[in-house]
Amino acid sequence: MLKIIGFVFLGLIILLAVLIISILLFIKFGAVFGGKISAAKRKEYEKSPHYQNGKFHQITTYIPEDVLPDFGNPVEQQRHGKVPTGAYPYEKIKPESLQRPPQKIRVTWMGHSILLIEAAGKKVLIDPMFSKTPSPIQGLGGKRFAKEMPISIQDLPIIDVVLITHDHYDHLDYVSIKKIKNKVKTFLVPLGISAHLLAWGVKPEQIEELDWWQDSHCQGLDFTLTPSHHYSGRQLNDRFATLWGGWIIATQDQKIYLTGDGGYGNHFKEVGRRYGPFDLAMVECGQYYRAWAQNHMIPEQSVQAVVDCNAKLVLPIHWGAFKLAFHPWSEPINRFLAKAPEFHLDVLTPLIGQSFVVGQPPYPQAHWWKEIE
């Protein structure tokens with residue numbers, strides 16, 4: 001009997017050892033985790049005022065809160081509102097509609113932070129995350145609410161510019177990049193993210209990297225990478241290895257601003273002072289939690305960020321696709337809409353896949369989520 005117990009115990013130890021080794025090998029060699037920054041690139045990044053000792057560093061403009069913002073009670077929040085209760089509505093994007101360029105900037109929100117921007121005859125795709133779950137292992141993690149994307153990668157036209165805000169899985173998706181890379185002219189990314197793209201087969205000539213406050217005239221449009229108070233990393237040991245931020249996109253007569261992920265701080269006022277006013281702000285609104293107070297905003301802070309950057313028309317994003325935090329899935333938009341009237345903001349609430357043209361009302365403002373809360 002003791003021999004049998006001993007063999008079973010030994011077998012369990014061997015099985016556990018094999019499992020641990022397999023996980024470590026997957027983390028070390030799994031393509032989904034991206035690439036490593038070369039010594040030559042690290043030397044190049046040392047010229048940045050935000051890079052030291054092999055890491056990028058936070059902006060110094062973050063305003064710490066004397067009292068923690070209202071992130072709610074996570075235990076109470078889990079009792080309701082985990083996921084939509086009804087069939088999730090979305091609007092299919094007809095590929096032929098993308099062949100008719102608008103006169104002004106046209107924006108299509110695809111849920112979370114995925115945006116298709118059509119401007120001056122060019123197409124810009126932001127944070128293309130087309131997988132079902134924002135995870136290194138497909139199938140694990142919060143699944144997408146909608147049964148499918150408004151348009152498949154296969155049906156997308158040639159994309160002039162792909163913008164990436166940072167390398168977290170809900171923004172930089174390995175599967176999507178592999179599928180889309182051959183129909184993208186330029187990937188415009190924060191410093192360091194080229195390592196991931198190169199590891200996934202994107203050609204060096206397709207990639208342009210920027211530091212905070214750097215400008216680029218790319219594919220006929222003007223872009224600026226702006227600071228945010230966030231972080232990066234795809235593994236346990238690569239936090240701050242690559243840069244993160246928001247983006248400004250400008251044509252000759254319009255400017256729009258994407259905050260990117262990040263906590264509230266006076267950098268929003270600096271963005272507004274340098275580049276505002278904006279015709280549209282696309283602001284992070286959702287996936288907040290008490291422990292993430294410096295790296296994600298609650299909705300009331302998101303409203304203030306829009307005011308700070310000097311915009312009146314606003315599209316709340318970073319909600320409506322996945323549940324990545326404890327709060328009820330639709331709480332962010334409800335809290336944002338409750339606060340926005342104090343500042344006379346014009347809040348857009350399109351269905352996923354629904355387009356609107358900046359400067360051409362009427363805008364999509366139906367409270368469609370109320371039907372499935």
# chains A, B, ... in the order shown; residues from 1 in each chain; ligands from 1
$ closest_atom_pairs --of "region 108-220 of chain A" --to "region 41-65 of chain A" --cutoff "12 Å" --atoms "only C-alpha atoms" --output "CSV"
residue,atom,partner,partner_atom,distance
A:Pro190,CA,A:Phe56,CA,10.9
A:Leu191,CA,A:Tyr45,CA,7.5
A:Gly192,CA,A:Lys41,CA,7.9
A:Ile193,CA,A:Lys41,CA,10.9
A:Ser194,CA,A:Lys41,CA,9.6
A:Ala195,CA,A:Lys41,CA,9.0
A:Glu209,CA,A:Tyr45,CA,10.5
A:Leu210,CA,A:Ser48,CA,10.2
A:Asp211,CA,A:Ser48,CA,7.3
A:Trp212,CA,A:His50,CA,8.5
A:Trp213,CA,A:Ser48,CA,11.2
A:Gln214,CA,A:Ser48,CA,10.9
$ write_last_selection --atoms "N, CA and C atoms" --output "CSV table (one decimal), in the first residue's frame"
chain,number,residue,atom,x,y,z
A,190,PRO,N,4.6,53.5,-30.1
A,190,PRO,CA,5.6,54.0,-29.1
A,190,PRO,C,6.9,53.3,-29.2
A,191,LEU,N,7.9,53.9,-28.6
A,191,LEU,CA,9.3,53.3,-28.6
A,191,LEU,C,9.2,51.9,-28.0
A,192,GLY,N,9.9,51.0,-28.6
A,192,GLY,CA,10.0,49.6,-28.1
A,192,GLY,C,9.1,48.6,-28.7
A,193,ILE,N,8.0,49.0,-29.1
A,193,ILE,CA,7.0,48.1,-29.6
A,193,ILE,C,7.4,47.5,-31.0
A,194,SER,N,8.4,48.1,-31.6
A,194,SER,CA,8.9,47.5,-32.9
A,194,SER,C,9.4,46.1,-32.6
A,195,ALA,N,9.9,45.8,-31.4
A,195,ALA,CA,10.5,44.5,-31.1
A,195,ALA,C,9.4,43.4,-31.3
A,209,GLU,N,8.7,54.4,-35.0
A,209,GLU,CA,8.5,54.6,-33.5
A,209,GLU,C,8.6,56.0,-33.1
A,210,LEU,N,7.8,56.4,-32.1
A,210,LEU,CA,7.8,57.8,-31.6
A,210,LEU,C,8.0,57.8,-30.1
A,211,ASP,N,8.6,58.9,-29.6
A,211,ASP,CA,8.6,59.2,-28.2
A,211,ASP,C,7.5,60.1,-27.8
A,212,TRP,N,7.2,60.3,-26.5
A,212,TRP,CA,6.2,61.3,-26.2
A,212,TRP,C,6.5,62.7,-26.7
A,213,TRP,N,5.5,63.3,-27.2
A,213,TRP,CA,5.5,64.7,-27.8
A,213,TRP,C,6.2,64.7,-29.2
A,214,GLN,N,6.6,63.6,-29.7
A,214,GLN,CA,7.1,63.6,-31.1
A,214,GLN,C,6.0,63.6,-32.1
$ residues_around --residues "region 99-110 of chain A" --least-positions-apart "4" --cutoff "9 Å" --atoms "only C-alpha atoms" --output "PyMOL selection string"
chain A and resi 90+95+114-122+149-151+157+251+253-256+315+317+321+350-360
$ write_last_selection --atoms "N, CA and C atoms" --output "short mmCIF file (atom, residue, chain, number, x, y, z; two decimals), in the first residue's frame"
data_model
loop_
_atom_site.label_atom_id
_atom_site.label_comp_id
_atom_site.auth_asym_id
_atom_site.auth_seq_id
_atom_site.Cartn_x
_atom_site.Cartn_y
_atom_site.Cartn_z
N TYR A 90 -24.87 45.09 -32.48
CA TYR A 90 -23.76 45.72 -33.17
C TYR A 90 -24.18 45.92 -34.63
N PRO A 95 -17.99 46.29 -46.45
CA PRO A 95 -16.69 46.66 -47.03
C PRO A 95 -16.79 47.75 -48.09
N ILE A 114 -10.75 49.74 -30.06
CA ILE A 114 -10.54 49.50 -31.48
C ILE A 114 -11.32 50.54 -32.28
N LEU A 115 -10.61 51.31 -33.08
CA LEU A 115 -11.23 52.40 -33.83
C LEU A 115 -10.71 52.41 -35.27
N LEU A 116 -11.63 52.65 -36.20
CA LEU A 116 -11.24 52.87 -37.58
C LEU A 116 -11.49 54.34 -37.89
N ILE A 117 -10.42 55.04 -38.23
CA ILE A 117 -10.50 56.47 -38.52
C ILE A 117 -10.25 56.66 -40.02
N GLU A 118 -11.19 57.32 -40.69
CA GLU A 118 -11.02 57.67 -42.10
C GLU A 118 -10.86 59.19 -42.19
N ALA A 119 -9.70 59.61 -42.71
CA ALA A 119 -9.38 61.04 -42.72
C ALA A 119 -8.54 61.38 -43.93
N ALA A 120 -8.94 62.42 -44.64
CA ALA A 120 -8.21 62.91 -45.80
C ALA A 120 -7.89 61.79 -46.79
N GLY A 121 -8.85 60.89 -46.98
CA GLY A 121 -8.68 59.79 -47.92
C GLY A 121 -7.82 58.65 -47.41
N LYS A 122 -7.40 58.71 -46.16
CA LYS A 122 -6.57 57.66 -45.57
C LYS A 122 -7.36 56.89 -44.52
N MET A 149 -16.89 40.44 -34.72
CA MET A 149 -16.52 41.82 -34.99
C MET A 149 -17.41 42.40 -36.08
N PRO A 150 -17.57 43.73 -36.12
CA PRO A 150 -18.40 44.35 -37.16
C PRO A 150 -17.88 44.08 -38.57
N ILE A 151 -16.58 43.85 -38.68
CA ILE A 151 -15.97 43.51 -39.96
C ILE A 151 -14.79 42.59 -39.68
N PRO A 157 -10.12 46.94 -45.94
CA PRO A 157 -9.32 47.41 -47.09
C PRO A 157 -7.86 47.60 -46.66
N THR A 251 -5.73 66.49 -39.62
CA THR A 251 -5.76 66.82 -41.04
C THR A 251 -5.55 68.34 -41.15
N ASP A 253 -7.78 70.57 -41.45
CA ASP A 253 -8.82 71.37 -40.79
C ASP A 253 -9.48 70.70 -39.59
N GLN A 254 -9.01 69.51 -39.17
CA GLN A 254 -9.59 68.84 -38.01
C GLN A 254 -8.51 68.15 -37.18
N LYS A 255 -8.76 68.06 -35.87
CA LYS A 255 -7.85 67.37 -34.94
C LYS A 255 -8.66 66.54 -33.97
N ILE A 256 -8.24 65.30 -33.79
CA ILE A 256 -8.88 64.43 -32.81
C ILE A 256 -7.82 63.85 -31.88
N LEU A 315 -16.18 60.73 -27.40
CA LEU A 315 -16.55 59.33 -27.56
C LEU A 315 -15.91 58.53 -26.42
N ILE A 317 -14.57 55.35 -24.71
CA ILE A 317 -14.16 54.04 -25.21
C ILE A 317 -13.61 53.21 -24.06
N ALA A 321 -16.88 45.93 -24.83
CA ALA A 321 -16.44 44.75 -25.59
C ALA A 321 -16.10 43.58 -24.67
N PRO A 350 -22.28 55.46 -30.02
CA PRO A 350 -22.65 54.62 -31.16
C PRO A 350 -22.70 53.15 -30.78
N LEU A 351 -23.48 52.40 -31.52
CA LEU A 351 -23.36 50.95 -31.47
C LEU A 351 -21.97 50.56 -31.93
N ILE A 352 -21.50 49.42 -31.49
CA ILE A 352 -20.26 48.89 -32.04
C ILE A 352 -20.46 48.69 -33.54
N GLY A 353 -19.57 49.25 -34.33
CA GLY A 353 -19.66 49.16 -35.78
C GLY A 353 -20.37 50.32 -36.44
N GLN A 354 -20.97 51.21 -35.64
CA GLN A 354 -21.70 52.35 -36.20
C GLN A 354 -20.75 53.53 -36.40
N SER A 355 -20.81 54.16 -37.56
CA SER A 355 -19.91 55.27 -37.91
C SER A 355 -20.59 56.62 -37.67
N PHE A 356 -19.76 57.64 -37.50
CA PHE A 356 -20.23 59.02 -37.47
C PHE A 356 -19.14 59.91 -38.06
N VAL A 357 -19.51 61.05 -38.56
CA VAL A 357 -18.59 62.01 -39.16
C VAL A 357 -18.42 63.19 -38.21
N VAL A 358 -17.19 63.48 -37.85
CA VAL A 358 -16.89 64.56 -36.91
C VAL A 358 -17.23 65.90 -37.56
N GLY A 359 -18.11 66.64 -36.90
CA GLY A 359 -18.52 67.94 -37.43
C GLY A 359 -19.77 67.88 -38.26
N GLN A 360 -20.39 66.70 -38.34
CA GLN A 360 -21.62 66.56 -39.12
C GLN A 360 -22.70 65.86 -38.29
#
$ closest_residue --among "A:Asp238, A:Asp155, A:Glu148, A:Glu331" --to "Glu96 (chain A)" --atoms "only C-alpha atoms"
A:Asp155
$ select_by_dssp --residues "region 98-147 of chain A" --states "strand (DSSP E)" --output "list in words"
Arg106, Val107, Thr108, Trp109, Leu115, Leu116, Ile117, Glu118, Ala119, Lys122, Lys123, Val124, Leu125 and Ile126 of chain A
$ select_by_dssp --residues "region 121-184 of chain A" --states "alpha helix (DSSP H)" --output "PyMOL selection string"
chain A and resi 174-180
$ residues_around --residues "Ala325 (chain A)" --least-positions-apart "4" --cutoff "9 Å" --atoms "only C-alpha atoms" --output "PyMOL selection string"
chain A and resi 74+286-289+329
$ write_last_selection --atoms "N, CA and C atoms" --output "PDB file, in the first residue's frame"
ATOM      1  N   PRO A  74     -16.107  45.914  -4.855  1.00  0.00           N
ATOM      2  CA  PRO A  74     -16.013  44.801  -5.821  1.00  0.00           C
ATOM      3  C   PRO A  74     -16.875  43.600  -5.457  1.00  0.00           C
ATOM      4  N   GLY A 286     -13.621  53.044 -18.491  1.00  0.00           N
ATOM      5  CA  GLY A 286     -13.958  51.663 -18.169  1.00  0.00           C
ATOM      6  C   GLY A 286     -12.747  50.844 -17.788  1.00  0.00           C
ATOM      7  N   GLN A 287     -12.986  49.720 -17.122  1.00  0.00           N
ATOM      8  CA  GLN A 287     -11.960  48.787 -16.654  1.00  0.00           C
ATOM      9  C   GLN A 287     -11.121  49.432 -15.545  1.00  0.00           C
ATOM     10  N   TYR A 288     -11.798  49.997 -14.564  1.00  0.00           N
ATOM     11  CA  TYR A 288     -11.126  50.630 -13.424  1.00  0.00           C
ATOM     12  C   TYR A 288     -11.306  49.778 -12.174  1.00  0.00           C
ATOM     13  N   TYR A 289     -10.394  49.971 -11.240  1.00  0.00           N
ATOM     14  CA  TYR A 289     -10.413  49.222  -9.984  1.00  0.00           C
ATOM     15  C   TYR A 289      -9.555  49.986  -8.983  1.00  0.00           C
ATOM     16  N   TRP A 329     -20.632  45.851 -16.282  1.00  0.00           N
ATOM     17  CA  TRP A 329     -20.090  46.115 -17.607  1.00  0.00           C
ATOM     18  C   TRP A 329     -20.534  47.469 -18.174  1.00  0.00           C
TER      19      TRP A 329
END
$ atom_distance --atom1 "CA of Lys339 (chain A)" --atom2 "CA of Lys82 (chain A)"
22.7 Å
$ residues_around --residues "Ala366 (chain A)" --least-positions-apart "2" --cutoff "7 Å" --atoms "only C-alpha atoms" --output "tab-separated table (two decimals) with N, CA and C atoms, in the first residue's frame"
chain	number	residue	atom	x	y	z
A	349	THR	N	-22.58	57.90	-28.35
A	349	THR	CA	-22.74	56.53	-27.87
A	349	THR	C	-23.16	55.62	-29.03
A	364	PRO	N	-24.79	59.71	-33.20
A	364	PRO	CA	-25.42	58.57	-32.50
A	364	PRO	C	-25.37	58.77	-30.98
A	368	TRP	N	-28.50	52.45	-26.14
A	368	TRP	CA	-28.82	51.10	-26.60
A	368	TRP	C	-28.53	50.01	-25.57
$ closest_residue --among "A:His367, A:Arg274, A:Arg234, A:Lys36" --to "Ala199 (chain A)" --atoms "only C-alpha atoms"
A:Lys36
$ closest_residue --among "A:Val83, A:His171, A:Glu270, A:Gly260" --to "Phe326 (chain A)" --atoms "only C-alpha atoms"
A:Val83
$ residues_around --residues "Asp127 (chain A)" --least-positions-apart "3" --cutoff "7 Å" --atoms "only C-alpha atoms" --output "ChimeraX atom specification"
/A:113-114,163-165,171-172
$ atom_distance --atom1 "CA of Pro341 (chain A)" --atom2 "CA of Asn266 (chain A)"
21.7 Å
